[in-house]
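Working notes, structure below.
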Amino acid sequence: MNKFKIFSIAFIVSASVSHAQDIDQAKKAIDGEQYENAKKILKSIINTKPNGKVAFLLGNIYLKQNIEDSAKVFFNKGLALSDGAKFNNIGLAQLDLNAGNAAAAQAKFDIVTKDIKKKDTEEFVYIARAYMNADKPNYISAIDVLNKAKAVNPNDAQLLLALGDAYFGEKNQNDAYASYRNAFNIDSSLLRAKMQLGVLLKGAKAYTEAVKAYDEVIAIDPNYGPVYRELAETYYLWGNNQPKNYNEYIQKALGFYEKYMSLTDYSLSSRMRHADFLILAKDYKDLEIEANKMKQLDKVNPRILRYLGYSAFENGNNDAALAALQEYVSKTGNKIIPYDYLYLGKAELKKSIGADGKTVDQTLKTSGLSDISKAVVMEPLMTSELNEMGKAYFGQKQYGIAASLFEIATSDPNSKTFLEDNVYYSICVITENRSKDSKDMDKVALGKADKAMDSVIAQKPDYQEAYFYKGRINTALENDEAMAVNYQKYLDLLLPKGADEITKNKAKITEAYNHMASHFANSDKAKAKELLNKTLALDPTNTYALESLKLLK
């Protein structure tokens, strides 16, 4: 019996040690972003020895993968288990934060911290991460929680890592750097802390130094997957900041991301993250391949429709793009982002153009512009996407569509292309109306075009073309006084620039002279003749000027 008792105790101790080792292995897999492997380990533990802490870790993985329903199942299950059941309140509290219920979250956090041992800090670390990982991160609350725990246990490496993340989220680079450095100095196996030093350099656009920092992590452990993701994102940003090296750096970025995938897992959630990166890198051929692989893994996940839609559009299959994106945005419960509406709008506009390149399906055009407007309402920075689109339709002589795109683009006065968008909008409106009879002109649009030019002049008062276009607009609006004033301002800015500029702009100058002469013909014939003679000095065969002078004699 005694031998049996000793054996039983030894077996229990051995099993506990084994479970602890398995949990540590799962945590290592989580840190290495090998989520499927971590889930497999944790589910194995739960099946053999149900444990509240294990359920919490498992639920947290599902939260990282944006699968809230599964996360909630494990958190609720964990509450009823022994050993660490209270941790599950932290997971449920994060769900409360996601739902905007801060009071309910705080009540659950209070349950976790009640009667906690003085030097226990793990609970505070997870509470802080709940604040940081919520849909609307609260870094200040996370910092407050962590600093209170730090006062009790200043040498907890995981706490310092979390504090670095909180400071990083709050854009406090100095304190983030100190926290990451101290975390790694305390625990040299904590590669994420060392990697984050490179992430800080990446954020400061010190790309060369960031790559060196990542290389130091690789020298310690070449199989640490997350560092290759950071390398990929760094080279992507570097390429965007150095256009001459863009192609080279994007290829490096894509290569590093493939390395990251090979060292983590090829689960659906990982593939989706890869797909998001392929969108950033504008690698739509590989995106379509990845999207079809995801479809094989999960035929019902609606988010795959997004990737199929984007890639199909960029790869020239507009009908497939339209079908995928219409299905995605129409389903209740799908999380729609601005790009979903943007791509849907782009596909609808493209479909609206007839085979002859001239006729336009007005229903599809209206729907496309409406969806693009929704994208801009959700994210005003989306206006930066419209400049090239507008120019493309301008080049196709689809001035109505181009004008509408440029008008949407001008809704953001902080856009880098704000002035150009206003100019193009006005040119489109003018061109669209020039061949129409006065009664058929869109006077509302012409009035908007006039104001668009005022916006340009307010920021660039010496931009001569703005006055020229205002002259044309007011001619169409039959506002002769304003027409004459603006054409004269155009001439005042252009003529002093010399013979070369005058020769280059001869057609515009004679247009200004002739329209002004028409205005003065009834009130000041001498002025009108003077202007017409100036036209003939530049263009002796100008028919309008020759005929008008005959009438004025």
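Each chain in the structure tokens gets a letter, A, B, ..., in the order shown, and its residues are numbered from 1; ligands are numbered from 1 in order too.
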Which polymer residues have any atom within 10 Å of an atom of Met483 in chain A, counting only C-alpha atoms, with same-chain residues fewer than 2 positions away left out, as a PDB file with C-alpha atoms, in the first residue's frame?
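result-v3.pdb, freshly written:
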```pdb
ATOM      1  CA  TYR A 467      -8.804  82.279 -63.308  1.00  0.00           C
ATOM      2  CA  PHE A 468      -8.947  81.019 -66.895  1.00  0.00           C
ATOM      3  CA  TYR A 469     -11.353  78.226 -65.940  1.00  0.00           C
ATOM      4  CA  LYS A 470     -13.444  80.627 -63.880  1.00  0.00           C
ATOM      5  CA  GLY A 471     -13.631  82.782 -67.032  1.00  0.00           C
ATOM      6  CA  ARG A 472     -14.952  79.803 -69.008  1.00  0.00           C
ATOM      7  CA  ILE A 473     -17.402  78.816 -66.268  1.00  0.00           C
ATOM      8  CA  ASN A 474     -18.845  82.312 -65.997  1.00  0.00           C
ATOM      9  CA  THR A 475     -19.126  82.516 -69.780  1.00  0.00           C
ATOM     10  CA  ALA A 476     -21.311  79.393 -69.658  1.00  0.00           C
ATOM     11  CA  LEU A 477     -23.290  80.871 -66.744  1.00  0.00           C
ATOM     12  CA  GLU A 478     -23.678  84.113 -68.747  1.00  0.00           C
ATOM     13  CA  ASN A 479     -22.175  86.040 -65.858  1.00  0.00           C
ATOM     14  CA  ASP A 480     -20.251  88.483 -68.071  1.00  0.00           C
ATOM     15  CA  GLU A 481     -18.911  90.757 -65.341  1.00  0.00           C
ATOM     16  CA  VAL A 485     -12.707  90.020 -64.330  1.00  0.00           C
ATOM     17  CA  ASN A 486     -11.344  86.469 -64.233  1.00  0.00           C
ATOM     18  CA  TYR A 487     -10.018  86.433 -67.787  1.00  0.00           C
ATOM     19  CA  GLN A 488      -8.221  89.712 -67.018  1.00  0.00           C
ATOM     20  CA  ALA A 512      -9.822  85.490 -73.139  1.00  0.00           C
ATOM     21  CA  HIS A 515     -14.810  86.812 -74.715  1.00  0.00           C
ATOM     22  CA  MET A 516     -13.858  90.049 -72.979  1.00  0.00           C
ATOM     23  CA  HIS A 519     -18.654  91.720 -73.081  1.00  0.00           C
TER      24      HIS A 519
END
```
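Omitting Lys77 in chain A and its sequence neighbours fewer than 4 positions away, and counting only C-alpha atoms, the residues within 8 Å are Gly52, Ala55, Val73 and Leu81 of chain A.
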Give me a file of those residues, with all heavy atoms, as a PDB file, in the first residue's frame.
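Now in result25.pdb:
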```pdb
ATOM      1  N   GLY A  52      -9.115  25.678 -15.905  1.00  0.00           N
ATOM      2  CA  GLY A  52      -9.640  26.996 -16.225  1.00  0.00           C
ATOM      3  C   GLY A  52      -8.652  27.881 -16.952  1.00  0.00           C
ATOM      4  O   GLY A  52      -9.017  28.610 -17.888  1.00  0.00           O
ATOM      5  N   ALA A  55      -8.408  26.846 -20.569  1.00  0.00           N
ATOM      6  CA  ALA A  55      -9.586  27.301 -21.316  1.00  0.00           C
ATOM      7  C   ALA A  55      -9.445  28.782 -21.682  1.00  0.00           C
ATOM      8  O   ALA A  55      -9.800  29.198 -22.791  1.00  0.00           O
ATOM      9  CB  ALA A  55     -10.853  27.074 -20.492  1.00  0.00           C
ATOM     10  N   VAL A  73     -17.352  30.524 -25.804  1.00  0.00           N
ATOM     11  CA  VAL A  73     -17.649  29.151 -25.363  1.00  0.00           C
ATOM     12  C   VAL A  73     -16.581  28.669 -24.388  1.00  0.00           C
ATOM     13  O   VAL A  73     -16.883  28.123 -23.313  1.00  0.00           O
ATOM     14  CB  VAL A  73     -17.738  28.194 -26.573  1.00  0.00           C
ATOM     15  CG1 VAL A  73     -17.722  26.737 -26.104  1.00  0.00           C
ATOM     16  CG2 VAL A  73     -18.996  28.476 -27.387  1.00  0.00           C
ATOM     17  N   LEU A  81     -14.327  25.505 -14.274  1.00  0.00           N
ATOM     18  CA  LEU A  81     -13.234  24.570 -14.030  1.00  0.00           C
ATOM     19  C   LEU A  81     -12.333  25.053 -12.905  1.00  0.00           C
ATOM     20  O   LEU A  81     -12.396  26.218 -12.486  1.00  0.00           O
ATOM     21  CB  LEU A  81     -12.413  24.391 -15.317  1.00  0.00           C
ATOM     22  CG  LEU A  81     -13.183  23.851 -16.533  1.00  0.00           C
ATOM     23  CD1 LEU A  81     -12.279  23.852 -17.761  1.00  0.00           C
ATOM     24  CD2 LEU A  81     -13.720  22.458 -16.252  1.00  0.00           C
TER      25      LEU A  81
END
```
Inset, instruction - Please identify all polymer residues within 6 Å of range 337-346 of chain A, counting only C-alpha atoms, omitting same-chain residues fewer than 5 positions from it, and present them as a ChimeraX atom specification. - result: /A:325,368,371-372,375,378
Legend entry - helix (DSSP H, G or I) per DSSP on the backbone: members of range 319-452 of chain A, as a PyMOL selection string: chain A and resi 319-330+338-352+362-378+380-395+399-409+418-434+438-440+443-452
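The residue set within 12 Å of Ala320 in chain A, counting only C-alpha atoms and dropping same-chain residues fewer than 2 places from it, reads A:Glu288, A:Leu305, A:Arg306, A:Tyr307, A:Leu308, A:Gly309, A:Tyr310, A:Ser311, A:Ala312, A:Phe313, A:Glu314, A:Asn315, A:Gly316, A:Asn317, A:Asn318, A:Leu322, A:Ala323, A:Ala324, A:Leu325, A:Gln326, A:Glu327, A:Leu344, A:Ala347, A:Glu348, A:Lys351.
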Inset, instruction - With a distance cut-off of 7 Å and only C-alpha atoms, select the neighbouring residues of Gly91 in chain A, excluding the residue or stretch itself and same-chain residues fewer than 2 positions from it, and output the selection as a list of chain:residue names. - result: A:Phe56, A:Asn60, A:Phe75, A:Asn88, A:Asn89, A:Ala93, A:Gln94, A:Leu95
